[in-house]
Amino acid sequence: MNKIIVLVVSCLFSLSSVCLADTLTAVDLEEVITLSPGGPELRLKGAATKSNARQAIYVGGLYLQNDSQSVTDLLSNTGAKRFLIKTNDVVKPESIIRAINLGITVNHTEQELNSLAGAIEEFNRIWKAEVKQGDEVFVDFTASGETQISVNGATKGMIAGELFYRAFLKTWLGDKPLNQDIKKQLMGAQ
């Protein structure tokens, strides 16, 4: 199977600033995956690195069953999807919850947030353990229309319906993404 190697640059500044490389780490991302044996093929749309002042925290990869050229098409696309996070540092659950909740909040109206409230609570409940260095986190949109969250192959929880997955993706791909560079890279821009 073909792989794409993402070079993770440890920076003295965040991704939105100029990076001064002091180390490089190669992370293999498969070009084509399936969510389950015999399931549809998903292709890597794009990959990005999230860094803090000291080092790369994680590499994120977005996989799609049906390619989309625009964010609008991608968010309305009902095919299977995977958002993969490969961590290079310990990530506390409160950091994950805070970031995702912020990304969802700034990209939705109050009415939309009210309809997502139960799913957001479920997501927050699922994230009780920290993600350790080297862990792989999968946030999948399955053929059955659910968001499945797994860490290192172990399912941590499911959230029914497609509304939450769209909201989750808007954290990175919405009109107000947490990081514009990550949005561009996940959409396949180099």
# chains A, B, ... in the order shown; residues from 1 in each chain; ligands from 1

call {"tool": "residues_around", "arguments": {"residues": "Asp140 of chain A", "least_positions_apart": "3", "cutoff": "10 Å", "atoms": "only C-alpha atoms", "output": "number ranges by chain"}}
result
A: 35, 62-63, 80-84, 137, 143, 145-150, 158, 165

call {"tool": "select_by_dssp", "arguments": {"residues": "chain A", "states": "strand (DSSP E or B)", "output": "ChimeraX atom specification"}}
result
/A:3-10,23-30,32-34,41-51,56-64,81-87,91,131,136-141,146-151,154-160

call {"tool": "select_by_dssp", "arguments": {"residues": "segment 6-183 of chain A", "states": "helix (DSSP H, G or I)", "output": "PyMOL selection string"}}
result
chain A and resi 71-76+93-106+110-126+163-173+180-183

call {"tool": "residues_around", "arguments": {"residues": "segment 96-107 of chain A", "least_positions_apart": "6", "cutoff": "9 Å", "atoms": "only C-alpha atoms", "output": "VMD selection string"}}
result
chain A and resid 113 120 123 to 124 127 130 167 to 172 174 to 178

call {"tool": "residues_around", "arguments": {"residues": "Glu122 of chain A", "least_positions_apart": "3", "cutoff": "9 Å", "atoms": "only C-alpha atoms", "output": "CSV table (one decimal) with C-alpha atoms, in the first residue's frame"}}
result
chain,number,residue,atom,x,y,z
A,117,ALA,CA,-26.0,20.0,22.8
A,118,GLY,CA,-26.6,16.3,23.5
A,119,ALA,CA,-23.9,15.2,21.0
A,125,ARG,CA,-18.0,12.3,28.1
A,126,ILE,CA,-16.0,10.1,25.7
A,127,TRP,CA,-12.8,12.1,26.2
A,157,GLY,CA,-17.8,5.8,22.0
A,158,MET,CA,-20.4,6.4,19.3
A,159,ILE,CA,-22.5,9.5,18.6

call {"tool": "atom_distance", "arguments": {"atom1": "atom CA of Gly79 of chain A", "atom2": "atom CA of Gly46 of chain A"}}
result
16.6 Å

call {"tool": "closest_residue", "arguments": {"among": "A:Leu74, A:Ile85, A:Ala129, A:Val151", "to": "Ala48 of chain A", "atoms": "only C-alpha atoms"}}
result
A:Ile85

call {"tool": "closest_residue", "arguments": {"among": "A:Leu75, A:Gly39, A:Asp89, A:Leu44", "to": "Ser144 of chain A", "atoms": "only C-alpha atoms"}}
result
A:Gly39

call {"tool": "closest_residue", "arguments": {"among": "A:Leu29, A:Ile182, A:Leu116, A:Val71", "to": "Glu136 of chain A", "atoms": "only C-alpha atoms"}}
result
A:Leu29

call {"tool": "residues_around", "arguments": {"residues": "Gly188 of chain A", "least_positions_apart": "4", "cutoff": "9 Å", "atoms": "only C-alpha atoms", "output": "list in words"}}
result
Leu44, Lys45, Gly46, Ala47, Gln69, Lys183 and Lys184 of chain A

call {"tool": "atom_distance", "arguments": {"atom1": "atom CA of Lys86 of chain A", "atom2": "atom CA of Asp135 of chain A"}}
result
5.9 Å

call {"tool": "closest_residue", "arguments": {"among": "A:Asn88, A:Ser115, A:Thr49, A:Ser36", "to": "Gly134 of chain A", "atoms": "only C-alpha atoms"}}
result
A:Asn88
